[in-house]
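Worksheet for the structure shown next.
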Amino acid sequence: MNGTELTIAEGLRALDKREISAVELTQAHLAGIAALNPRLNAYITVAGEAALEQARASDARRGRGEAGALDGIPLGIKDLFCTEGLRTTAASKILGEFTPPYESTVSAQLKRDGAVFLGKLNLDEFAMGSSNTTSAFGPVENPWSRANDPSKRLVPGGSSGGSAAAVAARIAMGATATDTGGSIRQPAAFCGIAGIKPTYGRCSRFGIVAFASSLDQAGPVARSVEDCAILLRSMSGFDPKDSTSANLPVPDFAAACGRGVKGLRIGVPAEYTLPGLAPEIDALWQQGLDWLRQQGAEIVPISLPHTKYALPTYYVVAPAEASSNLARYDGVRYGLRVAERDSDLRDLYERTRAAGFGAEVKRRIMIGTYVLSAGYYDAYYLKAQKVRALIARDFTQAWETVDAIVTPATPSAAFPMDEKQDDPVTMYLNDVFTVTANLAGLPGLAVPAGLDGQGLPLGLQVIGRPFDEETVFAVGAAIERAANFTAKPQVMA
Amino acid sequence: MSYTLKGETGDWEVVCGLEIHAQVLSKSKLFSGAATAFGASPNSQVSFVDAGFPGMLPVINAECIAQAVRTGLGLNAKINLWSRFDRKNYFYADLPQGYQISQFAHPIVGEGVVEITLADGSVKKIGITRLHLEQDAGKSQHDQHPAKSFIDLNRSGVALMEIVSEPDIRSPEEAGAYLAKIRQITRYLGTCDGNMDEGSMRADVNVSVRRAGEEFRTRCEVKNVNSVRFVMQAVEAEARRQIEVWESGGTVEQETRLFDTARGTTRSMRSKEDAHDYRYFPDPDLPPLIFTQDWVDGLRASLPELPDARRARYVALGLSPYDAHVLTIERETASFFEAVLGEGRDAKTVANWLTGDFFGHLNKRGLGIEESPVPATALAELLDLIADKTINGKIAKDVLEIMFDEGKGAAAIVDERGLRQVVDTGAIEAAVDAVLANNPGQVAQYRGGKAGLFGFFVGQTMKAMAGKGNPALVNDVLKAKLGEPSG
C-alpha cells in the first residue's frame, strides 16, 4: 500500500483494518521528505526520530483498542505553532533557536487525538506574505509547475506555503496552518488542495505566534474537504487560555460533508467580479455555481458593497496589531540578541531587530506603528475599524438571504517565484477575495475546482455564517464531488 | 481659610490632583495565574504570559475585576458595566510584551467622590475622575553588576488600580489627607494593603499654581511619591518652584518631575517633547469587559462598613468625634474596638482605655494593634473586672501593664496578686480610722475649712489598703467620719 497517496479518511480506515501501521505510514512520509524537501523546502525542521516514536506509541494504542480520532496520522505543523521541546521559528531569525517549553492548544489537541508530527513547516516570516518568499529559511517551491514552462519554479502561496506544498507533494497527510488574510486559502488554492479558515474563535490561538490577533485563526489544509473536516474537529474547541475562543460545542464536521446542497441559497457577490479578472477564473466560478445549481442549490446574486475597502482596511488593521505583537522580540529574554560591548538598551533593540526581522516584517511594523501614531490614529486605525464594522455588516445582511457565499479563492493561479516581489501592493492583491472573511471573522474554505490553461490548480472559496462551518463543508464537498479534481502535482512522493 | 503661598508679587493658590497607583490585593496577577506575594526571590513568580513569550495570551483574573469594582463602590463612583483593555506601547527592558495592558479610553470605574477631614475639623469633597486597571511592569536593577542590568519580572503583570482625582486639591494638607483617605478606604475594603514602603501604593502628583480667580495654569507631574508626608512636601516644593518661575518672568513647561526626598525639591525627569507616543489601541487579545448590575449589587451588599459610616456610628454610641476618628483610621483598630465592645460594654469606657493606656503600651513596645500581645478578649475581661467592682480603675492600670508584660489574663493576675478590691465596709472603716488617728493635724485643718485635704485622706486610705479599696466606699466612709468642713 502506498501510504503517502492516502487521504486521512482512507489512512484511518487502513490503520483500523491493520492494512498499514502508523510506523509504516510515518516511514513512507519521512522517506518522501528526505527525497523532496531539499527541493521544496517545505519543512524547516524534520522531527523524524520523534515522529517514529510517536508512530510506535500510536500502533501500541491501536493494539490496545485505545486509538484516538487521528491516531497514527502523520501531519506537518506550521512553524508558527509552538511545540514543546521542538524548535519554533515563525520563519524568522529573531527567534533564534527558540524551543518552547509549552505546546499550542491546537497542536496539543492533535497530539491528544494521536496524530504524529513529522516536523515544522515553512511559512512567510511571522506569516506575513502571500508567496512564502519572506521566510528566513528560504522560499518554498510549489510542487506544481506550468505545462509549457516546467522549469519555472512557482510559489506555493503564503503564508502557509510549507503546509500547502507538503500536503500537495504527499509529504504530509495534512497540516496545520493559520490564516490572517488568506494564508490558508490562497496557498491551498495554489497547491490544488483544500483548506479551511474556521470562524474566528473556533480554534484557540494559545501558543500560536501572533501576527494580528483579531484576524489570526488556525485551520487545517488537506487533500480533501472531508480530511479538513476531520482535522478541524480535533483542532477546535473552547480554550480558557484564549479569551477570544468561543465556548461552543464542536460539531461533527465530517458528517456535514455529506449533507448536500439541496435547498441551500448560495450568494454570489457582485463586487467580487473585479475589473480585469482572468477569464478562466471567472469561468471556473460560473462552473462552480452551475455544479451547485445542478445539485439543488439556489444561486442568489447579492451585494457586499464595502468589499472594495477590505484590502486597504486589512493593511491598516493587521500591521497595527503586528507592530504591537512583535514588540516582544527585543533580544532581552529569548531568541536572537545582537549587542555590542557597552551598548545601551536602545542599541540592543536596534541591532537585534535590524538583524532579526526581514524586510516585509519591518515594512509592516513600520506601517503599523505609523497608523497608530498620534495624529494618524483617527485617519487610519479608527477609520479602518469603522470600515471593518461595515464590511461585517454587509455579510450580516447577506445572511438574511443566503446560506453561503461562493467566490474565487484567488485572482490568479500560482505565479513564478521571481514575480511580484518588487511591489508589495501587487503582492497584497493576492488576498483580495480572502481578507473579507478575516475582517468579518467568518469561516472560509478553499476547494480545488479545476486547472488553468497551464495545468495549474485553481480554487473556489466558500464563505459561511459565523460558526456554521457545517454548511461551508457541505457546499465545499459538493463542489469537490462535481469537480472530481484528480490532477496531481509534478513533484510528489 | 484657604491655603495660599506668598510670593514676591503676592499670594498664589495651589492646584493639585493625584493619580494613585494601588496594587490590587489578589493571589494572582491581572492576566496570569502567577503569584503576587511581595519579597519573593527574583523571577520566581513569573508565568510565560508575564514574560511575554511567543503565543502567550492574557486571561482576565475575575478577582482583580471584583476588587476594582469594590474600590469603585468605596469611592462612591460610577461602575462601568462595559469597559475595555487597551495596549500602551513602549519599549523597556522590564516590559516583556513591549506594551502595557491598561484601560485608556474606557475605564472600569468612572466619576466618584470622597470626603477628607482636615485638621480644623472641616470636611472637603474631592472628586474622583476615574479608576482603571492596568498591569505593572517588572523591575530593572542597575546596581547588581558593574556592567549589566538585571531584571526581576515578579511584578510584571501584577494588577494595579490607577485612581485619578479631579484637580480639587488646594493645599499640601489636602493632598496628604486625600492620599491617606484613599489608603484608608482600600485597606478597609481589603482591595489594597496600602503598604507604601513595599510600593503597593504610590502617587503621581500633578501641581500647578495660579492667582485667585484665574484659570488653571500649566501643570507638572511629580512621579512616584511614596508616602503621605512626601506627597505633602512634594506639593509645596513644586508649587514654590513654579511660583519662582512665574515671578521671575518665566513660563512653567509641562513636564514630568521627580521628588528628591533628601533635598526636599523636585527635578526634571523628562519634558513634554520627550513624552512617548504610546500608540494606544484596543487589545485584540481581550474582548470588552462586560458584567451585570446584579453582580455589582452583590459586591456592594458584601462590602464591609467604610470608615465614614463607622465613624458616624461611633459618635452615635457616645464617642467624641475625635475618638471616633482615631478609632477608625485603621480598620484593625476599629475591629479591635468593636471586639472589646462586644455585646454591651460601655463605648466611652472602652474608647478611653483603648486610646489611653492600651495605645500607650503598644506605642512603648512599637507594636501595631494587630500585633498586640493582649487580645481584645483580654482587655474586655479587664474592663469587666472594673465594671463588676472586682478591681478599681487604678489597680486595673497596673493589671494591664502586667498583662502586657506577662501575657496573663486579668482575672488570673488579680487572683494571683490579691488585687481584688475591698468592699468590706468594716475593713475600710478600720483603715480610715487609722489614717485619721495618725494625721490629727490634717483632720483639724480639714474640719477647719480646708476642704482640699479630702484627697489627701483618700490617698492615705488607699495607700494603707494597697490601692485595693473601693474608691466610692472609701469616699463615703471618709465623708461620714470627717464630717462636713466648716467655715
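Letters for chains follow the order of the C-alpha cells (A, B, ...), residue numbers begin at 1 for each chain, and ligand numbers begin at 1 in the order shown.
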Report as a PyMOL selection string the set of chain B residues whose atoms approach chain A to within 12 Å, with distances computed over only C-alpha atoms.
chain B and resi 31-33+43+47-61+86-101+140+146-153+275-289
List every residue of segment 111-199 of chain A that DSSP, applied to the backbone of this structure, assigns to helix (DSSP H, G or I), and report them as a PyMOL selection string.
chain A and resi 111-112+125-127+161-168+185-190
Between A:Gly296, A:Gly138, A:Gly162, A:Pro38, which is the closest to Lys93 of chain A once you count only C-alpha atoms?
A:Gly138
Going by DSSP on the backbone, which bits of segment 211-445 of chain A are strand (DSSP E)? Write them as a ChimeraX atom specification, please.
/A:217-222,265-269,298-302,404-408,444-445
Grab the residues selected above and save them as a PDB file, in the first residue's frame with C-alpha atoms.
ATOM      1  CA  GLN A 217      -7.175  31.811  13.023  1.00  0.00           C
ATOM      2  CA  ALA A 218      -5.746  28.340  12.859  1.00  0.00           C
ATOM      3  CA  GLY A 219      -7.137  25.801  10.435  1.00  0.00           C
ATOM      4  CA  PRO A 220      -6.157  22.682   8.524  1.00  0.00           C
ATOM      5  CA  VAL A 221      -5.033  22.022   4.969  1.00  0.00           C
ATOM      6  CA  ALA A 222      -5.521  18.565   3.481  1.00  0.00           C
ATOM      7  CA  ARG A 265     -29.228  29.527  -1.148  1.00  0.00           C
ATOM      8  CA  ILE A 266     -25.766  30.356  -2.480  1.00  0.00           C
ATOM      9  CA  GLY A 267     -24.827  34.031  -2.672  1.00  0.00           C
ATOM     10  CA  VAL A 268     -22.756  35.462  -5.495  1.00  0.00           C
ATOM     11  CA  PRO A 269     -21.439  38.911  -4.557  1.00  0.00           C
ATOM     12  CA  GLU A 298     -30.411  28.211  -5.490  1.00  0.00           C
ATOM     13  CA  ILE A 299     -27.958  30.826  -6.763  1.00  0.00           C
ATOM     14  CA  VAL A 300     -28.728  34.286  -5.426  1.00  0.00           C
ATOM     15  CA  PRO A 301     -26.995  37.480  -6.593  1.00  0.00           C
ATOM     16  CA  ILE A 302     -26.024  39.575  -3.569  1.00  0.00           C
ATOM     17  CA  ALA A 404     -23.296  30.523   1.990  1.00  0.00           C
ATOM     18  CA  ILE A 405     -21.314  32.616  -0.461  1.00  0.00           C
ATOM     19  CA  VAL A 406     -19.143  31.236  -3.258  1.00  0.00           C
ATOM     20  CA  THR A 407     -16.284  33.222  -4.810  1.00  0.00           C
ATOM     21  CA  PRO A 408     -12.960  32.527  -6.486  1.00  0.00           C
ATOM     22  CA  GLY A 444     -13.873  30.382   4.579  1.00  0.00           C
ATOM     23  CA  LEU A 445     -12.939  27.217   2.747  1.00  0.00           C
TER      24      LEU A 445
END
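If you look at atom CA of Pro279 of chain A and atom CA of Pro411 of chain A, they are 10.3 Å away from each other.
Among A:Asp423, A:Glu66, A:Glu141, A:Asp418, the residue with the shortest atom-to-atom distance to Gln490 of chain A, counting only C-alpha atoms, is A:Glu141.
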Excluding segment 383-388 of chain A and any residue of its chain fewer than 5 positions from it, enumerate the residues within 7 Å of it, using only C-alpha atoms, and give them as JSON, numbers by chain.
{"A": [313, 316, 317, 378, 439]}
Write out as a PyMOL selection string which residues come within 8 Å of His306 of chain A when counting only C-alpha atoms, dropping same-chain ones fewer than 6 positions away.
chain A and resi 387+390-391+394
Write a file of the selected residues as an mmCIF file, in the first residue's frame, keeping N, CA and C atoms.
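Generated output (result13.cif):
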data_model
loop_
_atom_site.group_PDB
_atom_site.id
_atom_site.type_symbol
_atom_site.label_atom_id
_atom_site.label_comp_id
_atom_site.auth_asym_id
_atom_site.auth_seq_id
_atom_site.Cartn_x
_atom_site.Cartn_y
_atom_site.Cartn_z
ATOM 1 N N VAL A 387 -14.682 50.881 9.028
ATOM 2 C CA VAL A 387 -14.949 50.203 7.757
ATOM 3 C C VAL A 387 -15.075 48.698 8.000
ATOM 4 N N LEU A 390 -18.413 47.911 8.908
ATOM 5 C CA LEU A 390 -19.326 47.962 7.760
ATOM 6 C C LEU A 390 -19.210 46.705 6.906
ATOM 7 N N ILE A 391 -17.980 46.223 6.753
ATOM 8 C CA ILE A 391 -17.775 45.000 5.981
ATOM 9 C C ILE A 391 -18.483 43.828 6.677
ATOM 10 N N ASP A 394 -22.149 44.112 6.016
ATOM 11 C CA ASP A 394 -22.509 43.619 4.674
ATOM 12 C C ASP A 394 -22.856 42.134 4.738
#
Would you pick out the contacts of segment 248-265 of chain B at 9 Å or less, using only C-alpha atoms, so that residues sharing its chain but fewer than 2 positions from it are not included, and give the list as a PyMOL selection string?
chain B and resi 208+217-225+230-231+233-234+237-238+241-246+267-273+275
Residue neighbourhood segment 65-79 of chain B, 9 Å, only C-alpha atoms, exclusion window fewer than 2 positions, as JSON, numbers by chain
{"B": [24, 25, 26, 30, 60, 61, 62, 63, 81, 82, 108, 109, 110, 111, 112, 113, 114, 128, 129, 130, 131, 132, 133, 161, 182, 185, 186, 189, 190, 191, 192, 293, 296, 299, 300, 303, 306]}
Those same residues - N, CA and C atoms - I'd like them written as a compact mmCIF listing (two decimals), in the first residue's frame.
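To be explicit, this is the file written out as result38.txt:
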# COMPACT_ATOMS: atom_id res chain seq x y z
N VAL B 24 -3.59 45.89 43.46
CA VAL B 24 -4.77 45.13 43.84
C VAL B 24 -4.36 43.96 44.73
N LEU B 25 -5.05 43.81 45.84
CA LEU B 25 -4.81 42.63 46.68
C LEU B 25 -5.46 41.44 46.01
N SER B 26 -4.63 40.53 45.50
CA SER B 26 -5.15 39.32 44.87
C SER B 26 -4.05 38.29 44.93
N LEU B 30 -3.01 40.06 37.12
CA LEU B 30 -4.18 40.53 36.39
C LEU B 30 -4.53 39.64 35.21
N ILE B 60 -8.22 37.48 31.77
CA ILE B 60 -8.55 38.37 32.88
C ILE B 60 -8.82 37.58 34.16
N ASN B 61 -8.22 38.04 35.25
CA ASN B 61 -8.43 37.45 36.57
C ASN B 61 -9.68 38.09 37.19
N ALA B 62 -10.74 37.30 37.34
CA ALA B 62 -12.03 37.83 37.78
C ALA B 62 -11.93 38.50 39.16
N GLU B 63 -11.06 37.98 40.03
CA GLU B 63 -10.95 38.54 41.37
C GLU B 63 -10.42 39.98 41.31
N LEU B 81 -20.37 49.12 33.41
CA LEU B 81 -20.66 47.70 33.14
C LEU B 81 -19.97 47.23 31.87
N TRP B 82 -19.53 48.19 31.08
CA TRP B 82 -18.78 47.88 29.84
C TRP B 82 -17.48 48.65 29.90
N ILE B 108 -12.92 50.97 33.99
CA ILE B 108 -13.94 50.16 34.67
C ILE B 108 -14.75 51.00 35.66
N VAL B 109 -14.15 52.07 36.18
CA VAL B 109 -14.85 52.92 37.15
C VAL B 109 -14.78 54.37 36.69
N GLY B 110 -15.92 55.05 36.75
CA GLY B 110 -15.99 56.45 36.33
C GLY B 110 -15.98 57.40 37.51
N GLU B 111 -16.74 58.47 37.42
CA GLU B 111 -16.65 59.55 38.39
C GLU B 111 -17.19 59.17 39.77
N GLY B 112 -16.48 59.66 40.78
CA GLY B 112 -16.89 59.41 42.15
C GLY B 112 -16.47 60.57 43.04
N VAL B 113 -16.60 60.39 44.34
CA VAL B 113 -16.23 61.46 45.26
C VAL B 113 -15.86 60.87 46.62
N VAL B 114 -14.84 61.44 47.26
CA VAL B 114 -14.52 61.06 48.64
C VAL B 114 -14.46 62.32 49.49
N ILE B 128 -13.41 62.20 42.17
CA ILE B 128 -12.65 61.14 41.52
C ILE B 128 -13.01 61.18 40.04
N THR B 129 -12.00 61.24 39.17
CA THR B 129 -12.26 61.26 37.73
C THR B 129 -12.55 59.85 37.22
N ARG B 130 -11.72 58.90 37.65
CA ARG B 130 -11.82 57.53 37.13
C ARG B 130 -10.93 56.61 37.94
N LEU B 131 -11.20 55.34 37.80
CA LEU B 131 -10.28 54.30 38.29
C LEU B 131 -10.15 53.32 37.15
N HIS B 132 -8.92 53.03 36.77
CA HIS B 132 -8.76 51.98 35.74
C HIS B 132 -7.75 50.93 36.19
N LEU B 133 -7.86 49.78 35.57
CA LEU B 133 -6.97 48.66 35.87
C LEU B 133 -5.84 48.63 34.86
N MET B 161 -4.53 49.41 40.34
CA MET B 161 -5.63 50.32 40.09
C MET B 161 -5.03 51.71 40.02
N ILE B 182 -7.65 57.59 50.63
CA ILE B 182 -7.73 56.51 49.64
C ILE B 182 -7.11 55.25 50.23
N ILE B 185 -9.57 53.79 52.72
CA ILE B 185 -10.72 53.13 52.08
C ILE B 185 -10.31 51.77 51.50
N THR B 186 -9.17 51.74 50.79
CA THR B 186 -8.78 50.47 50.16
C THR B 186 -8.39 49.43 51.21
N LEU B 189 -11.56 48.08 52.57
CA LEU B 189 -12.19 47.18 51.61
C LEU B 189 -11.40 45.90 51.41
N GLY B 190 -10.13 45.95 51.80
CA GLY B 190 -9.26 44.80 51.54
C GLY B 190 -8.92 44.69 50.06
N THR B 191 -8.91 45.83 49.36
CA THR B 191 -8.59 45.79 47.92
C THR B 191 -7.15 46.20 47.65
N CYS B 192 -6.50 46.83 48.63
CA CYS B 192 -5.08 47.18 48.51
C CYS B 192 -4.54 47.23 49.93
N GLN B 293 -25.32 44.56 36.39
CA GLN B 293 -25.60 45.37 37.57
C GLN B 293 -25.86 44.46 38.77
N VAL B 296 -22.65 43.62 40.37
CA VAL B 296 -22.15 44.78 41.10
C VAL B 296 -22.93 44.92 42.42
N LEU B 299 -21.70 42.56 44.98
CA LEU B 299 -20.45 43.02 45.60
C LEU B 299 -20.73 44.13 46.60
N ARG B 300 -21.66 45.02 46.22
CA ARG B 300 -21.99 46.14 47.11
C ARG B 300 -22.56 45.61 48.43
N LEU B 303 -19.90 44.46 50.86
CA LEU B 303 -18.82 45.37 51.25
C LEU B 303 -18.79 45.54 52.76
N LEU B 306 -17.59 51.12 55.72
CA LEU B 306 -16.48 52.01 55.39
C LEU B 306 -16.22 53.00 56.52
Would you mind listing what lies within 12 Å of Ala412 of chain B as a PDB file with N, CA and C atoms, in the first residue's frame, with only C-alpha atoms counted and same-chain residues fewer than 4 positions away left out?
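Resulting contents of selection_28.pdb:
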ATOM      1  N   ALA B 378      -9.004  39.825  76.189  1.00  0.00           N
ATOM      2  CA  ALA B 378      -8.333  40.043  77.466  1.00  0.00           C
ATOM      3  C   ALA B 378      -8.619  41.442  78.003  1.00  0.00           C
ATOM      4  N   GLU B 381     -12.071  41.433  79.378  1.00  0.00           N
ATOM      5  CA  GLU B 381     -12.103  40.781  80.698  1.00  0.00           C
ATOM      6  C   GLU B 381     -11.683  41.777  81.793  1.00  0.00           C
ATOM      7  N   LEU B 382     -10.644  42.556  81.507  1.00  0.00           N
ATOM      8  CA  LEU B 382     -10.167  43.548  82.459  1.00  0.00           C
ATOM      9  C   LEU B 382     -11.255  44.588  82.746  1.00  0.00           C
ATOM     10  N   LEU B 385     -13.891  43.369  84.982  1.00  0.00           N
ATOM     11  CA  LEU B 385     -13.493  43.329  86.390  1.00  0.00           C
ATOM     12  C   LEU B 385     -13.687  44.705  87.043  1.00  0.00           C
ATOM     13  N   VAL B 399      -2.789  46.235  86.422  1.00  0.00           N
ATOM     14  CA  VAL B 399      -3.052  44.891  85.875  1.00  0.00           C
ATOM     15  C   VAL B 399      -2.766  44.868  84.372  1.00  0.00           C
ATOM     16  N   LEU B 400      -3.191  45.945  83.679  1.00  0.00           N
ATOM     17  CA  LEU B 400      -2.970  45.979  82.226  1.00  0.00           C
ATOM     18  C   LEU B 400      -1.479  45.916  81.906  1.00  0.00           C
ATOM     19  N   ILE B 402       0.811  44.525  83.668  1.00  0.00           N
ATOM     20  CA  ILE B 402       1.272  43.146  83.900  1.00  0.00           C
ATOM     21  C   ILE B 402       0.816  42.234  82.754  1.00  0.00           C
ATOM     22  N   MET B 403      -0.400  42.507  82.258  1.00  0.00           N
ATOM     23  CA  MET B 403      -0.892  41.720  81.115  1.00  0.00           C
ATOM     24  C   MET B 403       0.037  41.878  79.915  1.00  0.00           C
ATOM     25  N   GLU B 406       3.429  40.083  80.917  1.00  0.00           N
ATOM     26  CA  GLU B 406       3.470  38.638  81.171  1.00  0.00           C
ATOM     27  C   GLU B 406       2.512  37.842  80.324  1.00  0.00           C
ATOM     28  N   GLY B 407       1.599  38.544  79.655  1.00  0.00           N
ATOM     29  CA  GLY B 407       0.688  37.837  78.751  1.00  0.00           C
ATOM     30  C   GLY B 407      -0.379  37.029  79.469  1.00  0.00           C
ATOM     31  N   LYS B 408      -0.552  37.261  80.779  1.00  0.00           N
ATOM     32  CA  LYS B 408      -1.574  36.501  81.501  1.00  0.00           C
ATOM     33  C   LYS B 408      -2.912  37.224  81.439  1.00  0.00           C
ATOM     34  N   GLU B 416      -3.993  36.028  91.625  1.00  0.00           N
ATOM     35  CA  GLU B 416      -2.631  35.680  91.984  1.00  0.00           C
ATOM     36  C   GLU B 416      -2.029  36.720  92.935  1.00  0.00           C
ATOM     37  N   ARG B 417      -2.328  37.958  92.665  1.00  0.00           N
ATOM     38  CA  ARG B 417      -1.679  39.020  93.431  1.00  0.00           C
ATOM     39  C   ARG B 417      -2.596  39.644  94.494  1.00  0.00           C
ATOM     40  N   GLY B 418      -3.752  39.065  94.669  1.00  0.00           N
ATOM     41  CA  GLY B 418      -4.663  39.575  95.694  1.00  0.00           C
ATOM     42  C   GLY B 418      -5.052  41.022  95.480  1.00  0.00           C
ATOM     43  N   LEU B 419      -5.372  41.335  94.258  1.00  0.00           N
ATOM     44  CA  LEU B 419      -5.660  42.719  93.928  1.00  0.00           C
ATOM     45  C   LEU B 419      -7.141  43.045  93.965  1.00  0.00           C
ATOM     46  N   ARG B 420      -7.925  42.053  94.328  1.00  0.00           N
ATOM     47  CA  ARG B 420      -9.366  42.246  94.413  1.00  0.00           C
ATOM     48  C   ARG B 420      -9.679  43.439  95.317  1.00  0.00           C
TER      49      ARG B 420
END
